[in-house]
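As provided, model-v6.txt (compact mmCIF, C-alpha atoms) reads as follows.
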# COMPACT_ATOMS: atom_id res chain seq x y z
CA MET T 1 -23.58 -19.46 -24.18
CA SER T 2 -23.25 -23.00 -25.43
CA SER T 3 -19.76 -24.05 -26.42
CA GLU T 4 -20.83 -26.99 -28.55
CA ASN T 5 -20.50 -25.07 -31.77
CA ILE T 6 -16.86 -24.20 -31.12
CA THR T 7 -14.96 -26.35 -33.61
CA GLN T 8 -11.73 -28.19 -32.96
CA ALA T 9 -10.22 -26.26 -35.87
CA GLU T 10 -10.94 -22.98 -34.07
CA ILE T 11 -9.33 -24.30 -30.91
CA ASP T 12 -6.31 -25.65 -32.80
CA ALA T 13 -5.84 -22.29 -34.47
CA ILE T 14 -5.27 -20.42 -31.22
CA PHE T 15 -3.85 -23.24 -29.12
CA PRO T 16 -0.14 -22.49 -29.82
CA LYS T 17 -0.54 -18.87 -28.77
CA VAL T 18 -2.56 -19.74 -25.66
CA ALA T 19 -0.04 -22.44 -24.73
CA ALA T 20 2.87 -20.03 -25.11
CA MET T 21 1.16 -17.49 -22.86
CA MET T 22 0.38 -20.15 -20.27
CA ALA T 23 3.97 -21.36 -20.31
CA ASP T 24 5.16 -17.79 -19.71
CA ALA T 25 2.67 -17.31 -16.89
CA LEU T 26 3.51 -20.63 -15.25
CA GLY T 27 7.23 -20.41 -15.90
CA CYS T 28 7.38 -23.83 -17.57
CA ASP T 29 8.30 -25.26 -20.97
CA VAL T 30 5.60 -24.84 -23.59
CA GLU T 31 5.84 -28.59 -24.33
CA LYS T 32 4.27 -29.23 -20.93
CA ILE T 33 1.13 -27.35 -21.92
CA LYS T 34 -1.02 -30.14 -23.36
CA PRO T 35 -4.57 -29.43 -24.56
CA ASN T 36 -6.21 -31.45 -21.80
CA ALA T 37 -3.72 -30.70 -19.02
CA SER T 38 -5.44 -29.62 -15.81
CA LEU T 39 -3.96 -26.26 -14.92
CA ILE T 40 -4.02 -26.92 -11.19
CA ASN T 41 -3.45 -30.66 -10.94
CA ASP T 42 -1.01 -31.13 -13.84
CA LEU T 43 0.64 -27.75 -14.19
CA GLY T 44 0.60 -26.59 -10.56
CA ALA T 45 -1.20 -23.32 -11.25
CA GLU T 46 -2.12 -21.18 -8.24
CA SER T 47 -4.72 -18.44 -8.06
CA ILE T 48 -2.20 -15.73 -8.95
CA ASP T 49 -1.24 -17.75 -12.03
CA PHE T 50 -4.87 -17.78 -13.19
CA LEU T 51 -4.90 -14.02 -12.83
CA ASP T 52 -1.73 -13.75 -14.90
CA ILE T 53 -3.03 -16.15 -17.56
CA VAL T 54 -6.26 -14.19 -17.96
CA PHE T 55 -4.31 -10.91 -18.04
CA ARG T 56 -2.03 -12.25 -20.78
CA LEU T 57 -4.95 -13.64 -22.80
CA GLU T 58 -6.76 -10.31 -22.56
CA ARG T 59 -3.76 -8.42 -23.86
CA GLY T 60 -2.67 -11.03 -26.41
CA PHE T 61 -6.11 -11.51 -27.97
CA LYS T 62 -7.48 -8.01 -27.29
CA VAL T 63 -10.51 -9.38 -25.44
CA LYS T 64 -12.02 -8.60 -22.06
CA ILE T 65 -12.51 -11.56 -19.74
CA PRO T 66 -14.61 -10.60 -16.71
CA ARG T 67 -13.78 -12.31 -13.43
CA GLY T 68 -15.75 -15.54 -12.90
CA LYS T 69 -16.68 -15.67 -16.58
CA ILE T 70 -16.17 -19.42 -17.02
CA VAL T 71 -18.39 -20.41 -14.11
CA GLU T 72 -20.98 -17.80 -15.03
CA GLU T 73 -21.17 -19.14 -18.58
CA ALA T 74 -21.12 -22.72 -17.35
CA ARG T 75 -24.20 -22.00 -15.25
CA GLY T 76 -26.03 -20.91 -18.40
CA ASN T 77 -29.70 -20.36 -17.80
CA LEU T 78 -29.73 -22.17 -14.46
CA SER T 79 -30.23 -19.88 -11.49
CA GLU T 80 -27.52 -19.84 -8.83
CA SER T 81 -29.67 -21.94 -6.50
CA GLU T 82 -30.45 -24.44 -9.27
CA PHE T 83 -26.73 -24.70 -10.08
CA GLU T 84 -25.38 -25.13 -6.58
CA SER T 85 -26.42 -25.20 -2.97
CA GLY T 86 -24.19 -24.88 0.09
CA GLY T 87 -21.09 -24.88 -2.09
CA VAL T 88 -21.94 -28.20 -3.78
CA LEU T 89 -23.22 -28.51 -7.36
CA SER T 90 -26.71 -29.89 -7.82
CA GLY T 91 -27.32 -32.80 -10.18
CA ALA T 92 -28.52 -30.39 -12.84
CA GLY T 93 -25.54 -28.13 -12.18
CA ALA T 94 -23.02 -30.95 -12.54
CA ALA T 95 -24.73 -32.18 -15.72
CA ARG T 96 -24.66 -28.66 -17.14
CA LEU T 97 -20.98 -28.27 -16.25
CA LYS T 98 -20.06 -31.57 -17.96
CA VAL T 99 -21.64 -30.37 -21.17
CA PHE T 100 -20.04 -26.96 -20.92
CA LEU T 101 -16.58 -28.36 -20.13
CA SER T 102 -16.83 -31.03 -22.82
CA GLU T 103 -13.04 -30.90 -23.26
CA VAL T 104 -12.49 -32.24 -19.73
CA PRO T 105 -12.25 -36.06 -19.54
CA ALA T 106 -15.41 -37.44 -17.88
CA ASP T 107 -13.49 -39.31 -15.16
CA ARG T 108 -12.26 -36.00 -13.69
CA PHE T 109 -15.78 -35.05 -12.58
CA LYS T 110 -15.98 -36.40 -9.05
CA ILE T 111 -19.55 -36.31 -7.74
CA PRO T 112 -20.46 -34.60 -5.44
CA LEU T 113 -18.57 -31.69 -6.95
CA LYS T 114 -17.80 -28.63 -4.84
CA SER T 115 -18.07 -25.22 -6.51
CA ALA T 116 -14.64 -24.34 -5.15
CA ASP T 117 -13.19 -27.31 -7.04
CA ILE T 118 -14.51 -26.27 -10.45
CA PRO T 119 -11.22 -24.51 -11.38
CA ARG T 120 -9.44 -27.85 -10.85
CA LEU T 121 -11.22 -29.06 -13.97
CA PHE T 122 -10.01 -26.25 -16.22
CA THR T 123 -7.66 -27.32 -18.98
CA THR T 124 -5.73 -25.42 -21.60
CA GLU T 125 -8.63 -25.99 -24.00
CA THR T 126 -11.03 -24.47 -21.49
CA PHE T 127 -9.13 -21.22 -21.87
CA CYS T 128 -8.97 -21.56 -25.67
CA LYS T 129 -12.77 -21.83 -25.71
CA LEU T 130 -13.07 -18.89 -23.35
CA VAL T 131 -11.02 -16.73 -25.70
CA ILE T 132 -13.05 -17.84 -28.73
CA ARG T 133 -16.32 -17.02 -26.96
CA GLN T 134 -15.07 -13.60 -25.95
CA GLN T 135 -13.82 -12.93 -29.47
CA ARG T 136 -17.23 -13.83 -30.82
CA ALA T 137 -18.98 -11.66 -28.25
CA ALA T 138 -16.74 -8.72 -29.14
CA ALA T 139 -17.41 -9.21 -32.86
CA LYS T 140 -21.18 -9.13 -32.39
CA PRO T 141 -22.75 -5.78 -33.28
CA ALA T 142 -23.88 -3.95 -30.17
CA MET Q 1 31.31 3.50 -0.43
CA ASN Q 2 34.42 2.09 -2.13
CA ASP Q 3 32.60 -1.08 -3.02
CA PRO Q 4 31.08 -0.32 -6.45
CA LYS Q 5 28.11 -2.54 -5.58
CA LEU Q 6 27.11 0.00 -2.95
CA ASN Q 7 26.90 2.75 -5.53
CA ASP Q 8 24.32 0.88 -7.56
CA ALA Q 9 20.90 0.75 -5.92
CA GLY Q 10 19.43 -1.08 -8.89
CA LEU Q 11 17.10 1.80 -9.71
CA ALA Q 12 18.73 3.29 -12.81
CA GLY Q 13 16.79 2.63 -16.00
CA GLY Q 14 13.65 1.63 -14.11
CA VAL Q 15 10.21 3.15 -14.45
CA ALA Q 16 8.41 4.48 -11.37
CA ILE Q 17 4.93 5.82 -10.75
CA VAL Q 18 4.51 8.13 -7.78
CA THR Q 19 0.99 9.29 -6.94
CA GLY Q 20 0.59 12.78 -5.50
CA GLY Q 21 4.07 13.87 -6.52
CA SER Q 22 3.73 17.60 -6.92
CA ARG Q 23 4.35 18.69 -3.35
CA GLY Q 24 5.73 17.72 0.03
CA ILE Q 25 6.79 14.14 0.61
CA GLY Q 26 5.67 13.09 -2.88
CA ARG Q 27 7.88 15.64 -4.54
CA ALA Q 28 10.90 14.58 -2.48
CA ILE Q 29 10.25 10.97 -3.50
CA VAL Q 30 10.00 11.92 -7.17
CA GLU Q 31 13.27 13.82 -6.97
CA ILE Q 32 15.33 11.16 -5.21
CA LEU Q 33 14.12 8.42 -7.56
CA ALA Q 34 14.87 10.54 -10.63
CA ALA Q 35 18.28 11.41 -9.21
CA SER Q 36 18.92 7.67 -8.98
CA GLY Q 37 18.31 7.30 -12.69
CA MET Q 38 14.68 6.21 -12.75
CA GLU Q 39 12.11 7.53 -15.16
CA VAL Q 40 9.44 8.92 -12.84
CA ILE Q 41 5.87 9.62 -13.84
CA PHE Q 42 4.00 11.33 -11.05
CA THR Q 43 0.32 12.15 -10.70
CA TYR Q 44 -1.29 15.24 -9.29
CA ARG Q 45 -4.94 16.02 -8.73
CA ASP Q 46 -5.38 19.69 -9.39
CA ASN Q 47 -2.29 21.76 -8.59
CA ALA Q 48 -0.85 22.07 -12.08
CA ALA Q 49 1.39 24.96 -11.02
CA ALA Q 50 3.09 22.87 -8.34
CA ALA Q 51 3.47 19.96 -10.76
CA SER Q 52 5.03 22.20 -13.33
CA GLU Q 53 7.42 23.59 -10.72
CA VAL Q 54 8.72 20.09 -10.04
CA LEU Q 55 9.46 19.65 -13.73
CA THR Q 56 11.19 23.01 -14.04
CA ALA Q 57 13.31 22.42 -10.94
CA ASN Q 58 14.47 19.07 -12.33
CA LEU Q 59 15.29 19.83 -15.95
CA GLY Q 60 17.37 17.10 -17.52
CA LYS Q 61 15.82 14.42 -15.33
CA LYS Q 62 13.32 11.91 -16.66
CA ILE Q 63 10.27 13.22 -14.86
CA SER Q 64 6.78 13.75 -16.24
CA ALA Q 65 3.50 14.69 -14.63
CA GLU Q 66 -0.06 13.54 -15.34
CA LYS Q 67 -3.27 14.91 -13.91
CA VAL Q 68 -4.99 11.84 -12.48
CA ASP Q 69 -7.57 11.62 -9.73
CA VAL Q 70 -6.66 8.40 -7.92
CA ARG Q 71 -10.25 8.09 -6.69
CA ASP Q 72 -11.23 7.31 -10.28
CA ALA Q 73 -10.43 3.65 -11.03
CA ALA Q 74 -10.92 4.00 -14.77
CA ALA Q 75 -8.60 7.01 -14.88
CA CYS Q 76 -5.91 5.04 -13.00
CA ALA Q 77 -6.26 2.09 -15.41
CA ALA Q 78 -6.02 4.34 -18.47
CA PHE Q 79 -3.00 6.16 -17.01
CA VAL Q 80 -1.14 2.90 -16.35
CA GLU Q 81 -2.02 1.44 -19.76
CA LYS Q 82 -0.62 4.52 -21.45
CA ILE Q 83 2.66 4.20 -19.56
CA VAL Q 84 3.00 0.48 -20.23
CA GLU Q 85 2.30 0.95 -23.93
CA ARG Q 86 5.26 3.31 -24.09
CA THR Q 87 7.70 1.82 -21.58
CA ASP Q 88 6.57 -1.82 -21.54
CA LYS Q 89 7.19 -2.01 -17.79
CA ILE Q 90 6.62 -0.54 -14.38
CA ASP Q 91 9.29 -1.32 -11.81
CA LEU Q 92 8.02 0.70 -8.90
CA LEU Q 93 4.75 2.08 -7.63
CA VAL Q 94 4.74 4.56 -4.76
CA ASN Q 95 1.23 5.16 -3.46
CA ASN Q 96 1.72 8.53 -1.85
CA ALA Q 97 -1.40 10.56 -2.71
CA GLY Q 98 -3.22 11.41 0.47
CA ILE Q 99 -5.27 14.10 2.11
CA ILE Q 100 -6.09 15.12 5.64
CA ARG Q 101 -9.35 16.51 7.09
CA ASP Q 102 -8.76 16.66 10.85
CA HIS Q 103 -11.72 17.22 13.17
CA LEU Q 104 -12.93 15.67 16.38
CA LEU Q 105 -15.26 12.79 15.53
CA PRO Q 106 -18.57 14.55 16.32
CA MET Q 107 -17.51 17.44 14.09
CA LEU Q 108 -16.69 15.29 11.08
CA GLU Q 109 -18.97 15.87 8.12
CA ASP Q 110 -19.84 12.94 5.87
CA ASP Q 111 -17.58 14.37 3.22
CA ASP Q 112 -14.62 14.59 5.62
CA ILE Q 113 -14.82 10.86 6.11
CA LYS Q 114 -15.55 9.97 2.50
CA ALA Q 115 -12.93 12.24 0.94
CA VAL Q 116 -10.14 10.93 3.18
CA LEU Q 117 -11.03 7.26 2.76
CA ASP Q 118 -11.64 7.61 -0.98
CA THR Q 119 -8.31 9.26 -1.65
CA ASN Q 120 -6.07 7.51 0.85
CA VAL Q 121 -7.53 4.01 0.70
CA THR Q 122 -9.57 3.59 -2.48
CA GLY Q 123 -6.99 5.60 -4.41
CA THR Q 124 -4.29 3.16 -3.29
CA PHE Q 125 -6.46 0.23 -4.31
CA ASN Q 126 -7.18 1.79 -7.70
CA MET Q 127 -3.62 2.48 -8.70
CA THR Q 128 -2.32 -0.81 -7.33
CA ARG Q 129 -5.01 -2.82 -9.13
CA ALA Q 130 -3.95 -1.16 -12.36
CA VAL Q 131 -0.23 -1.75 -11.85
CA ALA Q 132 -0.07 -5.17 -10.13
CA PRO Q 133 -1.02 -7.34 -13.14
CA HIS Q 134 1.92 -5.92 -15.09
CA MET Q 135 4.31 -6.65 -12.23
CA ILE Q 136 2.84 -10.13 -11.80
CA SER Q 137 3.44 -10.89 -15.47
CA ARG Q 138 7.02 -9.64 -15.30
CA ARG Q 139 7.65 -11.43 -12.01
CA ARG Q 140 9.26 -8.33 -10.59
CA GLY Q 141 8.37 -5.01 -9.07
CA LYS Q 142 8.21 -3.08 -5.84
CA ILE Q 143 5.30 -1.29 -4.24
CA VAL Q 144 5.81 1.24 -1.47
CA ASN Q 145 2.81 2.77 0.26
CA VAL Q 146 3.04 5.98 2.21
CA SER Q 147 1.23 5.36 5.46
CA SER Q 148 1.53 7.44 8.64
CA VAL Q 149 2.42 7.10 12.28
CA SER Q 150 -1.31 7.76 12.78
CA GLY Q 151 -1.99 4.28 11.42
CA GLU Q 152 -0.75 2.88 14.74
CA LYS Q 153 -0.61 5.73 17.19
CA GLY Q 154 -3.80 7.44 18.28
CA GLY Q 155 -4.13 11.09 17.42
CA ARG Q 156 -6.83 13.56 18.45
CA GLY Q 157 -8.97 14.71 15.54
CA GLN Q 158 -7.60 12.06 13.24
CA THR Q 159 -10.11 9.22 13.31
CA ASN Q 160 -10.72 9.44 9.57
CA TYR Q 161 -7.05 9.86 8.64
CA ALA Q 162 -5.87 7.25 11.16
CA ALA Q 163 -8.45 4.75 9.91
CA SER Q 164 -7.25 5.31 6.36
CA LYS Q 165 -3.60 4.78 7.28
CA GLY Q 166 -4.37 1.75 9.45
CA ALA Q 167 -6.08 0.37 6.36
CA ILE Q 168 -2.96 1.05 4.31
CA ASN Q 169 -0.85 -0.89 6.80
CA ALA Q 170 -3.21 -3.86 6.61
CA PHE Q 171 -3.39 -3.55 2.83
CA THR Q 172 0.41 -3.57 2.65
CA LYS Q 173 0.73 -6.76 4.67
CA SER Q 174 -1.98 -8.66 2.80
CA LEU Q 175 -0.74 -7.60 -0.60
CA ALA Q 176 2.80 -8.63 0.38
CA VAL Q 177 1.44 -12.14 0.98
CA GLU Q 178 -0.42 -12.17 -2.34
CA LEU Q 179 2.46 -10.95 -4.47
CA ALA Q 180 5.41 -12.68 -2.80
CA PRO Q 181 5.10 -15.80 -5.00
CA ARG Q 182 5.92 -13.56 -7.96
CA GLY Q 183 8.89 -11.91 -6.27
CA ILE Q 184 7.14 -8.57 -5.82
CA THR Q 185 7.74 -6.76 -2.55
CA VAL Q 186 5.16 -4.56 -0.84
CA ASN Q 187 6.16 -2.28 2.01
CA ALA Q 188 5.09 0.98 3.60
CA VAL Q 189 6.75 3.95 5.20
CA ALA Q 190 4.99 5.58 8.11
CA PRO Q 191 6.05 9.20 8.46
CA GLY Q 192 5.60 11.08 11.70
CA VAL Q 193 5.24 14.85 11.71
CA ILE Q 194 6.91 16.12 8.56
CA GLU Q 195 7.48 19.67 7.42
CA THR Q 196 4.87 19.87 4.67
CA GLU Q 197 1.86 22.00 3.78
CA MET Q 198 -0.36 19.15 4.88
CA SER Q 199 0.98 19.13 8.44
CA ARG Q 200 1.20 22.94 8.76
CA PRO Q 201 -2.01 23.33 10.79
CA VAL Q 202 -0.80 20.76 13.34
CA ARG Q 203 2.64 22.30 13.53
CA GLU Q 204 1.26 25.80 13.93
CA LEU Q 205 -1.21 24.74 16.57
CA ALA Q 206 1.05 22.57 18.68
CA GLY Q 207 4.51 22.60 17.13
CA ASP Q 208 6.53 22.83 20.34
CA GLN Q 209 4.38 20.32 22.11
CA VAL Q 210 4.75 17.90 19.21
CA THR Q 211 8.51 18.39 18.94
CA SER Q 212 8.95 17.72 22.64
CA ARG Q 213 7.33 14.30 22.10
CA ILE Q 214 9.64 13.36 19.24
CA LEU Q 215 12.67 11.51 20.56
CA LEU Q 216 15.01 13.15 18.05
CA LYS Q 217 13.58 16.59 18.98
CA ARG Q 218 12.91 17.83 15.50
CA ILE Q 219 10.15 17.79 12.90
CA GLY Q 220 10.98 15.52 9.98
CA ARG Q 221 11.84 16.69 6.49
CA PRO Q 222 10.26 15.34 3.31
CA GLU Q 223 13.73 14.04 2.36
CA ASP Q 224 13.80 11.89 5.51
CA VAL Q 225 10.75 10.03 4.22
CA ALA Q 226 12.00 9.97 0.63
CA ASN Q 227 15.23 8.32 1.79
CA ALA Q 228 13.24 5.49 3.35
CA VAL Q 229 11.14 5.08 0.20
CA TRP Q 230 14.36 5.04 -1.83
CA PHE Q 231 15.74 2.28 0.38
CA LEU Q 232 12.59 0.12 0.11
CA SER Q 233 12.60 0.66 -3.66
CA SER Q 234 16.25 -0.29 -4.05
CA LYS Q 235 17.90 -3.65 -4.44
CA PHE Q 236 19.13 -3.29 -0.86
CA ALA Q 237 15.56 -4.07 0.25
CA ASP Q 238 15.06 -7.07 -2.02
CA TYR Q 239 14.53 -9.35 0.99
CA ILE Q 240 12.09 -7.08 2.83
CA THR Q 241 8.35 -7.35 2.34
CA GLY Q 242 5.24 -6.63 4.38
CA GLU Q 243 7.12 -4.12 6.55
CA ILE Q 244 5.93 -0.79 7.89
CA LEU Q 245 9.02 1.37 8.27
CA HIS Q 246 8.45 4.27 10.63
CA VAL Q 247 10.19 7.52 9.76
CA ASP Q 248 9.16 9.58 12.72
CA GLY Q 249 12.20 10.40 14.81
CA GLY Q 250 10.91 8.04 17.47
CA PHE Q 251 7.51 9.76 17.78
CA LYS Q 252 5.72 6.42 17.87
CA MET Q 253 7.74 5.43 20.96
CA ASP Q 254 6.40 8.28 23.03
Just give me the structure as structure tokens.
Amino acid sequence: MSSENITQAEIDAIFPKVAAMMADALGCDVEKIKPNASLINDLGAESIDFLDIVFRLERGFKVKIPRGKIVEEARGNLSESEFESGGVLSGAGAARLKVFLSEVPADRFKIPLKSADIPRLFTTETFCKLVIRQQRAAAKPA
Amino acid sequence: MNDPKLNDAGLAGGVAIVTGGSRGIGRAIVEILAASGMEVIFTYRDNAAAASEVLTANLGKKISAEKVDVRDAAACAAFVEKIVERTDKIDLLVNNAGIIRDHLLPMLEDDDIKAVLDTNVTGTFNMTRAVAPHMISRRRGKIVNVSSVSGEKGGRGQTNYAASKGAINAFTKSLAVELAPRGITVNAVAPGVIETEMSRPVRELAGDQVTSRILLKRIGRPEDVANAVWFLSSKFADYITGEILHVDGGFKMD
């Protein structure tokens, strides 16, 4: 589940395609889709846009992305109660999330961090990594 | 109709899915959409003979039939994927498939409740979940749900059916809110008593009594409902969403 072994070269390889799909989904110029752009804060994405982005990635990369996959993977081996309580991430949960979302600039993690605000952290690279992980999972022998 | 704009409903060349299209209201919807130049793919559950009759009666029109049980989410998803692979788009979804199992509440068997809710409600969810992502991506599309006057007006022996249609009305309004940002409209038609196989028992049991309560003093025809679906599917309804259009001759007003 760790993303640390995803290389920048892997991300760079799929970034143009991911960016093009995001631009289509968000109805903006592809030049606006920077690697570390926050989808919500910088690109104005709404929940329906996330749905469209995931749908396009699934079709474009022939992968399946289950709902809530990013947060589920971010949680790793922490239990739900270890990760968050009352809608707020625990210290361990926030630390785990920072490692998992290593592409997100550190100053964007405002502590205390609400679970509902996690999607605000997602960047274009977050979705590149998601695709790479799903591609790897699909390639693994059953 | 001298204005050429009025002769173009914006339907020609579009692709439509109609669930439960082999008989009754569904068939009338299939036929009017195909007559307007749409390619129509309709589903049926088990009456292959009726489905085939629709095709034979409409030779030369772009109509095809697929056996799909709308209660099966995976079957709906596979059906939609197959269409999109071929046509690359779905412009219209008409959720029409529905069944009726009328009994007074104490007489309802578990299966009477489950079958009606599964087909009428879950079936609508299943097909819409399969189609909506494609419409969202294209930023266009129309969804028309076939509800019933029973969704608002109480009817003896119809708790299961009425609950299912009330759910469709609520579903229609909420989905209209969700999909409006992408320019997709979601509406419903609510037929009253219509001359179909499904309503035959009611009409036989209390036809005169029912007719006397309809303001326009006649039972509706499947075409009456299909006309309303056609309107909500057309460009003339581009600015209408979240509406429940009653097609009941004023029955609801009684």
Skip Met22 (chain T) itself and residues of its chain fewer than 4 positions away, then list as an NGL selection string all residues within 10 Å of it, counting only C-alpha atoms. :T and (16-18 or 26-30 or 32-33 or 39 or 43 or 45 or 49-50 or 52-54 or 56-57 or 124 or 127)
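Contact shell of Ile143 (chain Q) at 8 Å (all atoms listed in the file; same-chain neighbours under 4 positions omitted): Q:Leu92, Q:Leu93, Q:Val94, Q:Asn95, Q:Ile184, Q:Thr185, Q:Val186, Q:Asn187, Q:Ser233.
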What's around Ile240 (chain Q) at 12 Å? Count all atoms listed in the file, leave out sequence neighbours fewer than 3 positions away in its own chain, and write the answer as a CSV table (one decimal) with C-alpha atoms, in the frame of the given file.
chain,number,residue,atom,x,y,z
Q,142,LYS,CA,8.2,-3.1,-5.8
Q,143,ILE,CA,5.3,-1.3,-4.2
Q,144,VAL,CA,5.8,1.2,-1.5
Q,173,LYS,CA,0.7,-6.8,4.7
Q,176,ALA,CA,2.8,-8.6,0.4
Q,177,VAL,CA,1.4,-12.1,1.0
Q,180,ALA,CA,5.4,-12.7,-2.8
Q,183,GLY,CA,8.9,-11.9,-6.3
Q,184,ILE,CA,7.1,-8.6,-5.8
Q,185,THR,CA,7.7,-6.8,-2.6
Q,186,VAL,CA,5.2,-4.6,-0.8
Q,187,ASN,CA,6.2,-2.3,2.0
Q,188,ALA,CA,5.1,1.0,3.6
Q,231,PHE,CA,15.7,2.3,0.4
Q,232,LEU,CA,12.6,0.1,0.1
Q,233,SER,CA,12.6,0.7,-3.7
Q,234,SER,CA,16.2,-0.3,-4.0
Q,235,LYS,CA,17.9,-3.6,-4.4
Q,236,PHE,CA,19.1,-3.3,-0.9
Q,237,ALA,CA,15.6,-4.1,0.2
Q,243,GLU,CA,7.1,-4.1,6.6
Q,244,ILE,CA,5.9,-0.8,7.9
Q,245,LEU,CA,9.0,1.4,8.3
With a cut-off of 12 Å and counting all atoms listed in the file, select all residues of chain Q in contact with chain T and give the selection as an MDAnalysis selection string. chainID Q and resid 81 84:85 129:139 175 177:182
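By all atoms listed in the file, and with residues fewer than 2 positions from Pro66 (chain T) along its chain excluded, the set lying at most 12 Å from it is Leu51, Val54, Phe55, Leu57, Glu58, Val63, Lys64, Gly68, Lys69, Ile70, Val71, Glu72, Glu73, Leu130, Val131 and Gln134 of chain T.
The interatomic distance for the pair CA of Lys62 (chain T) and CA of Val80 (chain Q) works out to 16.7 Å.
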Residue nearest Lys89 (chain Q) - candidates Q:Arg101, Q:Arg140, Q:Lys67, Q:Arg23, atoms counted: all atoms listed in the file: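 Nearest to Lys89 (chain Q): Q:Arg140.
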Test item: residues at most 12 Å from region 148-165 of chain Q, only C-alpha atoms, excluding those fewer than 6 positions along its chain, as a short mmCIF file (atom, residue, chain, number, x, y, z; two decimals) with C-alpha atoms, in the coordinates of the input:
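Saved as selection-v1.cif:
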data_model
loop_
_atom_site.label_atom_id
_atom_site.label_comp_id
_atom_site.auth_asym_id
_atom_site.auth_seq_id
_atom_site.Cartn_x
_atom_site.Cartn_y
_atom_site.Cartn_z
CA ILE Q 25 6.79 14.14 0.61
CA ASN Q 95 1.23 5.16 -3.46
CA ASN Q 96 1.72 8.53 -1.85
CA ALA Q 97 -1.40 10.56 -2.71
CA GLY Q 98 -3.22 11.41 0.47
CA ILE Q 99 -5.27 14.10 2.11
CA ILE Q 100 -6.09 15.12 5.64
CA ARG Q 101 -9.35 16.51 7.09
CA ASP Q 102 -8.76 16.66 10.85
CA HIS Q 103 -11.72 17.22 13.17
CA LEU Q 104 -12.93 15.67 16.38
CA LEU Q 105 -15.26 12.79 15.53
CA PRO Q 106 -18.57 14.55 16.32
CA MET Q 107 -17.51 17.44 14.09
CA LEU Q 108 -16.69 15.29 11.08
CA GLU Q 109 -18.97 15.87 8.12
CA ASP Q 110 -19.84 12.94 5.87
CA ASP Q 111 -17.58 14.37 3.22
CA ASP Q 112 -14.62 14.59 5.62
CA ILE Q 113 -14.82 10.86 6.11
CA LYS Q 114 -15.55 9.97 2.50
CA ALA Q 115 -12.93 12.24 0.94
CA VAL Q 116 -10.14 10.93 3.18
CA LEU Q 117 -11.03 7.26 2.76
CA ASP Q 118 -11.64 7.61 -0.98
CA THR Q 119 -8.31 9.26 -1.65
CA ASN Q 120 -6.07 7.51 0.85
CA VAL Q 121 -7.53 4.01 0.70
CA THR Q 122 -9.57 3.59 -2.48
CA GLY Q 123 -6.99 5.60 -4.41
CA THR Q 124 -4.29 3.16 -3.29
CA PHE Q 125 -6.46 0.23 -4.31
CA PHE Q 171 -3.39 -3.55 2.83
CA THR Q 172 0.41 -3.57 2.65
CA ALA Q 188 5.09 0.98 3.60
CA VAL Q 189 6.75 3.95 5.20
CA ALA Q 190 4.99 5.58 8.11
CA PRO Q 191 6.05 9.20 8.46
CA GLY Q 192 5.60 11.08 11.70
CA VAL Q 193 5.24 14.85 11.71
CA ILE Q 194 6.91 16.12 8.56
CA SER Q 199 0.98 19.13 8.44
CA VAL Q 202 -0.80 20.76 13.34
CA ALA Q 206 1.05 22.57 18.68
CA VAL Q 210 4.75 17.90 19.21
CA ILE Q 214 9.64 13.36 19.24
CA VAL Q 225 10.75 10.03 4.22
CA ILE Q 244 5.93 -0.79 7.89
CA LEU Q 245 9.02 1.37 8.27
CA HIS Q 246 8.45 4.27 10.63
CA VAL Q 247 10.19 7.52 9.76
CA ASP Q 248 9.16 9.58 12.72
CA GLY Q 249 12.20 10.40 14.81
CA GLY Q 250 10.91 8.04 17.47
CA PHE Q 251 7.51 9.76 17.78
CA LYS Q 252 5.72 6.42 17.87
CA MET Q 253 7.74 5.43 20.96
CA ASP Q 254 6.40 8.28 23.03
#
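The two atoms in question, CA of Ser79 (chain T) and CA of Arg120 (chain T), are spaced 22.3 Å apart.
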Across T:Gly93, T:Gly76, T:Pro105, T:Gly87, the smallest distance to Asp117 (chain T), with all atoms listed in the file counted, is shown by T:Gly87
Some atoms are absent from region 79-85 of chain T, so rebuild N, CA and C atoms and return them as an mmCIF file, keeping the file's coordinate frame.
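Once everything was written out, this is rebuild-v5.cif:
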data_model
loop_
_atom_site.group_PDB
_atom_site.id
_atom_site.type_symbol
_atom_site.label_atom_id
_atom_site.label_comp_id
_atom_site.auth_asym_id
_atom_site.auth_seq_id
_atom_site.Cartn_x
_atom_site.Cartn_y
_atom_site.Cartn_z
ATOM 1 N N SER T 79 -30.436 -20.908 -12.515
ATOM 2 C CA SER T 79 -30.230 -19.880 -11.490
ATOM 3 C C SER T 79 -29.122 -20.364 -10.556
ATOM 4 N N GLU T 80 -28.598 -19.459 -9.744
ATOM 5 C CA GLU T 80 -27.520 -19.840 -8.830
ATOM 6 C C GLU T 80 -27.953 -20.984 -7.919
ATOM 7 N N SER T 81 -29.212 -20.905 -7.420
ATOM 8 C CA SER T 81 -29.670 -21.940 -6.500
ATOM 9 C C SER T 81 -29.947 -23.266 -7.219
ATOM 10 N N GLU T 82 -30.264 -23.187 -8.501
ATOM 11 C CA GLU T 82 -30.450 -24.440 -9.270
ATOM 12 C C GLU T 82 -29.089 -25.073 -9.574
ATOM 13 N N PHE T 83 -28.074 -24.232 -9.697
ATOM 14 C CA PHE T 83 -26.730 -24.700 -10.080
ATOM 15 C C PHE T 83 -26.000 -25.318 -8.894
ATOM 16 N N GLU T 84 -26.090 -24.628 -7.760
ATOM 17 C CA GLU T 84 -25.380 -25.130 -6.580
ATOM 18 C C GLU T 84 -26.102 -24.747 -5.298
ATOM 19 N N SER T 85 -25.837 -25.515 -4.265
ATOM 20 C CA SER T 85 -26.420 -25.200 -2.970
ATOM 21 C C SER T 85 -25.415 -25.552 -1.894
#
